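K.L.:
Please read through the structure below; I'll follow up with questions.
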Amino acid sequence: MLKSEYLQRVYTQVVTRDPDQREFHQAVLEVLESLDLIVDRHPEYEERGIIESFVEPERMICFRVPWDDDQGRVHVNRGYRIQFNSAIGPYKGGLRFHPTVNLSILKFLGFEQTLKNSLTGLPMGGAKGGSDFDPKGRSDAEVMRFCQSFMTELHRHIGQFVDVPAGDIGVGGREIGYLFGQYSRVRGGHDAGVLTGKGLAFGGSLVRTEATGYGLCYLTEEMLRCMRKESFDGKTVVISGSGNVAIFATEKATQLGGRVVALSDSNGYIHDPKGIDLNVVKDIKLGHRGRIKEYVDRVPGSSYTEGFRGIWNIPCDIALPCATQNEIDGEMARTIVQNGCLAVTEGANMPCLPEAIRVFQEAGLLFAPSKAANAGGVATSGLEMSQNSMRYSWSFEEVDRRLKDIMVNIFHNAYHASEECGVPGDLVVGANIAGFLKVSRGMVAQGLI
């Protein structure tokens with residue numbers, strides 16, 4: 001419950017204005033609960049309407065996307081771009097192609113992206129976009145035609161100094177390639193800085209594919225070291241998901257000495273007590289976009305269980321939820337605690353419900369929220385933008401070093417902010433306040449409010 005009457009009015013306005021946008025309400029309330037700790041010391045927030053402006057997107061774009069399937073039938077999907085905040089740099093955030101995409105989810109993601117990008121220390125604003133198009137089961141030609149139609153409208157609203165999209169769920173290297181090709185076609189030039197997550201052959205950055213998963217582990221390792229004098233070494237790790245984030249979190253956690261014993265997809269999860277054979281997973285998920293259950297046919301001693309949420313019944317020292325939003329509720333969080341978990345770090349966007357986060361914090365687990373922990377992807381996108389501007393490519397080792405430095409700094413900035421607010425170690429509060437302060441100061445300094 002918010003103590004500040006001002007923040008309560010702001011939240012009530014958000015809910016009243018868009019009553020059906022539950023995901024967005026959840027994201028806003030979490031940040032307002034953190035700001036509750038400092039708002040009384042800043043009367044200018046209310047006097048200048050700073051927080052009202054902060055929780056409202058600068059621009060919301062919605063458009064139709066017609067495309068033909070391989071049988072010549074016309075389909076019409078809906079496309080979106082939420083340009084949330086540009087106070088500290090051009091809009092930056094991914095595109096998501098998934099049937100669940102709607103304004104609520106994209107506003108929540110754009111809001112979180114604004115804070116996440118602020119935490120990286122790079123000059124990037126926040127945005128998110130996408131479509132309710134589902135690329136699963138579609139041919140390459142169908143995906144290409146959809147992407148071309150999508151970009152035919154989106155190109156009017158983006159640019160390297162305006163808005164720089166990237167990939168997200170359902171938008172990988174294939175989709176980015178098609179989107180970039182259509183942008184170049186309709187704009188008549190090779191503007192490499194307009195999209196990130198590109199292929200290495202046309203302006204992409206090394207480490208971009210690995211970045212979110214690697215960054216997740218770099219922040220987790222620093223959190224373990226500083227707050228518990230611990231590390232990944234010798235720890236049992238459970239990771240939900242089996243996309244890029246989960247795969248490369250598995251790779252880095254293993255390199256750091258951990259033993260990852262479980263992964264999942266939307267149908268179910270695998271458990272391999274000896275430790276996941278990552279080469280098999282890469283072949284299944286990256287090689288031919290298969291289902292995770294294929295793993296048990298190739299690795300003796302492993303098991304597969306239908307229903308992906310059951311993965312959190314497996315005991316572990318470190319839990320890295322990397323699948324999707326709201327996958328861990330209060331009951332599942334209590335199971336994770338009872339099984340002796342030491343740390344939970346969010347690799348997906350907001351995978352833990354507020355009740356779950358309270359359970360973790362009350363039990364004394366280390367907990368790092370997604371806006372801090374999974375910022376490695378957008379941080380490396382920012383590094384890709386820098387390389388595009390210089391017409392130069394850094395080595396894998398150089399990008400990886402810069403990524404690790406950014407993630408370590410994110411942890412310390414969030415931890416320092418939590419100390420200043422009187423709740424040392426509460427990285428939810430720390431990340432929210434550190435991210436908000438930078439953006440709000442940029443808004444004030446430029447007279448944007």
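Identifiers for the structure tokens are assigned positionally: chains receive A, B, ... in sequence, residues are indexed from 1 per chain, and ligands are indexed from 1 in the order shown.
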Using only C-alpha atoms, which residues sit within 12 Å of A:Pro424 once same-chain residues fewer than 2 positions away are excluded, as a list in words?

P.N.:
Met227, Gln361, Leu366, His412, Asn413, Ala414, Tyr415, His416, Ala417, Ser418, Glu419, Glu420, Cys421, Gly422, Asp426, Leu427, Val428, Val429, Gly430 and Ala431 of chain A

K.L.:
Go ahead and save the residues from that selection, with C-alpha atoms, as a PDB file, in the first residue's frame.

P.N.:
ATOM      1  CA  MET A 227      26.533  -9.781  -0.391  1.00  0.00           C
ATOM      2  CA  GLN A 361      12.962 -11.003   0.395  1.00  0.00           C
ATOM      3  CA  LEU A 366      19.366 -12.576  -2.651  1.00  0.00           C
ATOM      4  CA  HIS A 412      26.823  -1.458  -7.380  1.00  0.00           C
ATOM      5  CA  ASN A 413      24.647   1.476  -8.471  1.00  0.00           C
ATOM      6  CA  ALA A 414      21.506  -0.385  -7.381  1.00  0.00           C
ATOM      7  CA  TYR A 415      23.098  -1.518  -4.120  1.00  0.00           C
ATOM      8  CA  HIS A 416      24.344   1.995  -3.340  1.00  0.00           C
ATOM      9  CA  ALA A 417      20.884   3.450  -3.978  1.00  0.00           C
ATOM     10  CA  SER A 418      19.334   0.835  -1.682  1.00  0.00           C
ATOM     11  CA  GLU A 419      21.754   1.869   1.079  1.00  0.00           C
ATOM     12  CA  GLU A 420      20.886   5.548   0.627  1.00  0.00           C
ATOM     13  CA  CYS A 421      17.183   4.691   0.967  1.00  0.00           C
ATOM     14  CA  GLY A 422      17.759   2.803   4.218  1.00  0.00           C
ATOM     15  CA  ASP A 426      16.980  -4.428  -1.585  1.00  0.00           C
ATOM     16  CA  LEU A 427      17.961  -4.343  -5.245  1.00  0.00           C
ATOM     17  CA  VAL A 428      14.359  -3.855  -6.372  1.00  0.00           C
ATOM     18  CA  VAL A 429      14.232  -0.513  -4.590  1.00  0.00           C
ATOM     19  CA  GLY A 430      17.801   0.306  -5.554  1.00  0.00           C
ATOM     20  CA  ALA A 431      17.313  -0.378  -9.269  1.00  0.00           C
TER      21      ALA A 431
END

K.L.:
Name the residues in contact with stretch 171-180 of chain A at a cut-off of 9 Å, using only C-alpha atoms, excluding same-chain residues fewer than 6 positions from it; report them as a PyMOL selection string.

P.N.:
chain A and resi 94-97+130+135+140+143-145+147-148+150-151+190-192+194-199+202+209

K.L.:
Mind writing the picked residues with N, CA and C atoms as a short mmCIF file (atom, residue, chain, number, x, y, z; two decimals), in the first residue's frame?

P.N.:
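To be explicit, this is the file written out as out.cif:
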data_model
loop_
_atom_site.label_atom_id
_atom_site.label_comp_id
_atom_site.auth_asym_id
_atom_site.auth_seq_id
_atom_site.Cartn_x
_atom_site.Cartn_y
_atom_site.Cartn_z
N GLY A 94 13.27 -3.58 -27.71
CA GLY A 94 13.05 -4.65 -28.67
C GLY A 94 11.68 -4.66 -29.31
N LEU A 95 11.56 -5.53 -30.31
CA LEU A 95 10.30 -5.85 -30.97
C LEU A 95 9.94 -7.28 -30.61
N ARG A 96 8.69 -7.51 -30.21
CA ARG A 96 8.22 -8.83 -29.81
C ARG A 96 7.12 -9.28 -30.76
N PHE A 97 7.30 -10.45 -31.38
CA PHE A 97 6.27 -11.04 -32.22
C PHE A 97 5.70 -12.25 -31.49
N GLY A 130 6.16 -4.30 -31.30
CA GLY A 130 5.95 -5.65 -31.78
C GLY A 130 4.62 -5.84 -32.44
N PRO A 135 5.37 -16.13 -35.34
CA PRO A 135 6.25 -16.71 -36.36
C PRO A 135 6.36 -18.23 -36.28
N ASP A 140 9.90 -19.47 -43.81
CA ASP A 140 10.79 -18.30 -43.91
C ASP A 140 10.18 -17.24 -44.82
N VAL A 143 7.42 -15.37 -42.94
CA VAL A 143 8.01 -14.46 -41.95
C VAL A 143 8.61 -13.25 -42.65
N MET A 144 9.26 -13.47 -43.78
CA MET A 144 9.85 -12.36 -44.52
C MET A 144 8.77 -11.38 -44.98
N ARG A 145 7.68 -11.90 -45.54
CA ARG A 145 6.62 -11.00 -46.02
C ARG A 145 5.98 -10.23 -44.88
N CYS A 147 7.52 -9.38 -42.01
CA CYS A 147 8.50 -8.38 -41.57
C CYS A 147 8.57 -7.20 -42.54
N GLN A 148 8.50 -7.48 -43.82
CA GLN A 148 8.54 -6.41 -44.80
C GLN A 148 7.33 -5.49 -44.67
N PHE A 150 5.52 -5.08 -41.92
CA PHE A 150 5.66 -4.41 -40.63
C PHE A 150 6.59 -3.20 -40.75
N MET A 151 7.74 -3.39 -41.40
CA MET A 151 8.72 -2.31 -41.50
C MET A 151 8.27 -1.24 -42.48
N HIS A 190 22.05 2.43 -46.47
CA HIS A 190 22.45 1.44 -45.47
C HIS A 190 22.70 2.17 -44.14
N ASP A 191 21.65 2.35 -43.37
CA ASP A 191 21.72 3.03 -42.07
C ASP A 191 21.87 1.97 -40.98
N ALA A 192 23.11 1.51 -40.77
CA ALA A 192 23.34 0.36 -39.87
C ALA A 192 22.87 0.62 -38.45
N VAL A 194 20.19 1.82 -37.27
CA VAL A 194 18.76 1.90 -37.03
C VAL A 194 18.19 0.67 -36.31
N LEU A 195 18.90 -0.44 -36.36
CA LEU A 195 18.49 -1.67 -35.68
C LEU A 195 19.71 -2.30 -35.03
N THR A 196 19.51 -2.96 -33.90
CA THR A 196 20.59 -3.73 -33.30
C THR A 196 20.18 -5.20 -33.23
N GLY A 197 21.17 -6.04 -32.98
CA GLY A 197 20.95 -7.47 -33.07
C GLY A 197 21.13 -7.96 -34.50
N LYS A 198 21.82 -7.16 -35.31
CA LYS A 198 22.03 -7.50 -36.72
C LYS A 198 23.06 -8.61 -36.87
N GLY A 199 23.08 -9.23 -38.04
CA GLY A 199 24.11 -10.21 -38.35
C GLY A 199 25.46 -9.55 -38.45
N PHE A 202 26.48 -7.48 -41.59
CA PHE A 202 25.96 -6.16 -41.95
C PHE A 202 25.79 -5.24 -40.74
N THR A 209 24.45 -11.98 -29.21
CA THR A 209 23.61 -13.17 -28.99
C THR A 209 23.75 -13.67 -27.55
#

K.L.:
Which is closer to A:Ala141 than all the others in A:Asp69, A:Glu23, A:Asp163, A:Glu47, using only C-alpha atoms?

P.N.:
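Under the stated criterion, the closest residue is A:Asp69.
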
K.L.:
If you measure from atom CA of A:Ala127 to atom CA of A:Phe84, what distance in Å do you get, rounded to one decimal?

P.N.:
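Separating atom CA of A:Ala127 from atom CA of A:Phe84 is a distance of 5.1 Å.
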
K.L.:
Would you compute the distance between atom CA of A:Tyr183 and atom CA of A:Phe63? Give it in Å to one decimal.

P.N.:
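Value for the atom CA of A:Tyr183-atom CA of A:Phe63 distance: 16.6 Å.
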
K.L.:
Near stretch 4-16 of chain A, within 8 Å and counting only C-alpha atoms, which residues show up once chain neighbours fewer than 6 positions away are dropped, as a list in words?

P.N.:
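Once the nearby chain positions are removed, what remains is His25, Val28, Leu29, Leu32, Asp36, Val39, Asp40, Glu46, Ile51, Glu52 and Val55 of chain A.
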
K.L.:
Suppose we keep N, CA, C and O atoms; can you now write the selection as a PDB file, in the first residue's frame?

P.N.:
ATOM      1  N   HIS A  25      -0.019  -1.907 -14.917  1.00  0.00           N
ATOM      2  CA  HIS A  25      -0.304  -1.493 -13.536  1.00  0.00           C
ATOM      3  C   HIS A  25       0.716  -2.114 -12.578  1.00  0.00           C
ATOM      4  O   HIS A  25       1.211  -1.447 -11.655  1.00  0.00           O
ATOM      5  N   VAL A  28       4.122  -0.350 -12.841  1.00  0.00           N
ATOM      6  CA  VAL A  28       4.085   1.000 -12.277  1.00  0.00           C
ATOM      7  C   VAL A  28       4.026   0.942 -10.758  1.00  0.00           C
ATOM      8  O   VAL A  28       4.745   1.677 -10.059  1.00  0.00           O
ATOM      9  N   LEU A  29       3.182   0.078 -10.219  1.00  0.00           N
ATOM     10  CA  LEU A  29       3.042  -0.001  -8.762  1.00  0.00           C
ATOM     11  C   LEU A  29       4.364  -0.381  -8.101  1.00  0.00           C
ATOM     12  O   LEU A  29       4.724   0.182  -7.057  1.00  0.00           O
ATOM     13  N   LEU A  32       6.464   2.751  -8.005  1.00  0.00           N
ATOM     14  CA  LEU A  32       5.920   3.745  -7.067  1.00  0.00           C
ATOM     15  C   LEU A  32       6.163   3.324  -5.622  1.00  0.00           C
ATOM     16  O   LEU A  32       6.408   4.184  -4.761  1.00  0.00           O
ATOM     17  N   ASP A  36       8.126   5.650  -2.950  1.00  0.00           N
ATOM     18  CA  ASP A  36       7.485   6.006  -1.675  1.00  0.00           C
ATOM     19  C   ASP A  36       8.518   6.309  -0.597  1.00  0.00           C
ATOM     20  O   ASP A  36       8.261   7.063   0.345  1.00  0.00           O
ATOM     21  N   VAL A  39       9.894  10.138  -1.884  1.00  0.00           N
ATOM     22  CA  VAL A  39       9.070  11.201  -2.460  1.00  0.00           C
ATOM     23  C   VAL A  39       8.850  12.360  -1.489  1.00  0.00           C
ATOM     24  O   VAL A  39       8.749  13.531  -1.906  1.00  0.00           O
ATOM     25  N   ASP A  40       8.799  12.089  -0.188  1.00  0.00           N
ATOM     26  CA  ASP A  40       8.585  13.169   0.788  1.00  0.00           C
ATOM     27  C   ASP A  40       9.745  14.150   0.821  1.00  0.00           C
ATOM     28  O   ASP A  40       9.575  15.309   1.208  1.00  0.00           O
ATOM     29  N   GLU A  46       5.913  16.449  -7.117  1.00  0.00           N
ATOM     30  CA  GLU A  46       4.484  16.747  -7.234  1.00  0.00           C
ATOM     31  C   GLU A  46       4.253  18.102  -7.881  1.00  0.00           C
ATOM     32  O   GLU A  46       3.366  18.260  -8.730  1.00  0.00           O
ATOM     33  N   ILE A  51       6.345  12.612 -11.774  1.00  0.00           N
ATOM     34  CA  ILE A  51       6.018  11.190 -11.803  1.00  0.00           C
ATOM     35  C   ILE A  51       4.841  10.917 -12.735  1.00  0.00           C
ATOM     36  O   ILE A  51       4.810   9.890 -13.417  1.00  0.00           O
ATOM     37  N   GLU A  52       3.887  11.846 -12.818  1.00  0.00           N
ATOM     38  CA  GLU A  52       2.806  11.683 -13.800  1.00  0.00           C
ATOM     39  C   GLU A  52       3.372  11.575 -15.217  1.00  0.00           C
ATOM     40  O   GLU A  52       2.914  10.765 -16.027  1.00  0.00           O
ATOM     41  N   VAL A  55       5.312   8.072 -15.874  1.00  0.00           N
ATOM     42  CA  VAL A  55       4.550   6.833 -16.077  1.00  0.00           C
ATOM     43  C   VAL A  55       3.678   6.875 -17.335  1.00  0.00           C
ATOM     44  O   VAL A  55       2.952   5.907 -17.609  1.00  0.00           O
TER      45      VAL A  55
END

K.L.:
Can you check which residues of stretch 287-331 of chain A DSSP gives as helix (DSSP H, G or I) on the backbone and send them as a list in words?

P.N.:
Gly287, Ile292, Lys293, Glu294, Tyr295, Val296, Asp297, Arg298, Phe308, Arg309, Gly310, Ile311, Trp312, Asn313, Gly330 and Glu331 of chain A

K.L.:
Residues at most 12 Å from stretch 393-401 of chain A, counting only C-alpha atoms, excluding those fewer than 3 positions away in the same chain, as a PyMOL selection string?

P.N.:
chain A and resi 200-215+218+252+376-377+379-390+404-408

K.L.:
I need the chosen residues saved as a compact mmCIF listing (two decimals), in the first residue's frame, with N, CA and C atoms.

P.N.:
# COMPACT_ATOMS: atom_id res chain seq x y z
N LEU A 200 26.51 -10.31 -38.18
CA LEU A 200 27.86 -9.75 -38.22
C LEU A 200 28.24 -9.26 -39.61
N ALA A 201 27.59 -9.81 -40.64
CA ALA A 201 27.93 -9.42 -42.00
C ALA A 201 27.44 -8.03 -42.37
N PHE A 202 26.48 -7.48 -41.59
CA PHE A 202 25.96 -6.16 -41.95
C PHE A 202 25.79 -5.24 -40.74
N GLY A 203 26.83 -5.23 -39.89
CA GLY A 203 26.88 -4.24 -38.83
C GLY A 203 26.58 -4.71 -37.43
N GLY A 204 26.43 -6.02 -37.24
CA GLY A 204 26.15 -6.53 -35.91
C GLY A 204 27.39 -6.56 -35.02
N SER A 205 27.16 -6.85 -33.74
CA SER A 205 28.26 -6.89 -32.77
C SER A 205 28.47 -8.30 -32.26
N LEU A 206 29.72 -8.66 -32.07
CA LEU A 206 30.05 -9.88 -31.34
C LEU A 206 29.49 -9.78 -29.92
N VAL A 207 29.12 -10.92 -29.35
CA VAL A 207 28.59 -11.06 -27.99
C VAL A 207 27.11 -10.69 -27.90
N ARG A 208 26.51 -10.09 -28.95
CA ARG A 208 25.11 -9.67 -28.82
C ARG A 208 24.21 -10.87 -28.54
N THR A 209 24.45 -11.98 -29.21
CA THR A 209 23.61 -13.17 -28.99
C THR A 209 23.75 -13.67 -27.55
N GLU A 210 24.95 -13.64 -27.03
CA GLU A 210 25.22 -14.17 -25.68
C GLU A 210 24.91 -13.17 -24.57
N ALA A 211 24.71 -11.90 -24.92
CA ALA A 211 24.81 -10.80 -23.97
C ALA A 211 23.87 -10.88 -22.78
N THR A 212 22.58 -11.16 -23.01
CA THR A 212 21.64 -11.14 -21.88
C THR A 212 21.96 -12.26 -20.90
N GLY A 213 22.21 -13.45 -21.42
CA GLY A 213 22.54 -14.57 -20.53
C GLY A 213 23.87 -14.39 -19.82
N TYR A 214 24.89 -13.93 -20.55
CA TYR A 214 26.18 -13.66 -19.91
C TYR A 214 26.04 -12.56 -18.85
N GLY A 215 25.37 -11.47 -19.23
CA GLY A 215 25.21 -10.34 -18.30
C GLY A 215 24.47 -10.75 -17.04
N TYR A 218 27.00 -12.39 -14.88
CA TYR A 218 27.98 -11.45 -14.34
C TYR A 218 27.40 -10.69 -13.15
N LYS A 252 27.44 -19.50 -19.45
CA LYS A 252 28.29 -18.69 -18.56
C LYS A 252 28.26 -19.25 -17.13
N GLY A 376 21.98 -6.84 -19.84
CA GLY A 376 23.13 -7.12 -20.69
C GLY A 376 22.83 -7.06 -22.18
N GLY A 377 21.62 -7.48 -22.55
CA GLY A 377 21.25 -7.45 -23.96
C GLY A 377 21.21 -6.05 -24.52
N ALA A 379 22.51 -3.42 -23.13
CA ALA A 379 23.83 -2.80 -22.98
C ALA A 379 24.71 -3.11 -24.20
N THR A 380 24.67 -4.36 -24.64
CA THR A 380 25.47 -4.73 -25.80
C THR A 380 24.88 -4.15 -27.09
N SER A 381 23.56 -3.96 -27.11
CA SER A 381 22.96 -3.23 -28.23
C SER A 381 23.49 -1.80 -28.28
N GLY A 382 23.64 -1.19 -27.09
CA GLY A 382 24.23 0.14 -27.04
C GLY A 382 25.67 0.14 -27.55
N LEU A 383 26.41 -0.92 -27.22
CA LEU A 383 27.77 -1.04 -27.73
C LEU A 383 27.78 -1.27 -29.24
N GLU A 384 26.76 -1.99 -29.74
CA GLU A 384 26.63 -2.15 -31.19
C GLU A 384 26.38 -0.81 -31.86
N MET A 385 25.54 0.03 -31.26
CA MET A 385 25.29 1.37 -31.80
C MET A 385 26.57 2.18 -31.86
N SER A 386 27.40 2.07 -30.82
CA SER A 386 28.67 2.79 -30.79
C SER A 386 29.58 2.32 -31.92
N GLN A 387 29.65 1.01 -32.11
CA GLN A 387 30.50 0.48 -33.17
C GLN A 387 29.99 0.91 -34.56
N ASN A 388 28.66 0.93 -34.73
CA ASN A 388 28.10 1.39 -36.00
C ASN A 388 28.46 2.85 -36.26
N SER A 389 28.42 3.67 -35.22
CA SER A 389 28.75 5.08 -35.38
C SER A 389 30.21 5.27 -35.76
N MET A 390 31.07 4.42 -35.24
CA MET A 390 32.50 4.51 -35.53
C MET A 390 32.90 3.80 -36.82
N LYS A 404 30.77 -6.97 -19.05
CA LYS A 404 30.95 -7.33 -17.64
C LYS A 404 31.09 -6.08 -16.77
N ASP A 405 31.85 -5.09 -17.24
CA ASP A 405 31.99 -3.84 -16.47
C ASP A 405 30.64 -3.16 -16.26
N ILE A 406 29.80 -3.14 -17.30
CA ILE A 406 28.48 -2.50 -17.19
C ILE A 406 27.63 -3.24 -16.16
N MET A 407 27.62 -4.57 -16.21
CA MET A 407 26.77 -5.34 -15.29
C MET A 407 27.25 -5.21 -13.84
N VAL A 408 28.55 -5.19 -13.64
CA VAL A 408 29.08 -4.99 -12.29
C VAL A 408 28.70 -3.61 -11.76

K.L.:
Just how far from atom CA of A:Lys285 is atom CA of A:Ile311, in Å to one decimal?

P.N.:
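It comes out at 18.2 Å.
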
K.L.:
Check the smallest atom-to-atom distance from each of A:Gly167, A:Asn313, A:Thr220, A:Gln160 to A:Gly193 using only C-alpha atoms, then report the winner.

P.N.:
A:Gln160

K.L.:
Per DSSP on the backbone, what are the strand (DSSP E) residues of stretch 320-433 of chain A, as a VMD selection string?

P.N.:
chain A and resid 320 to 321 343 to 345 366 to 368
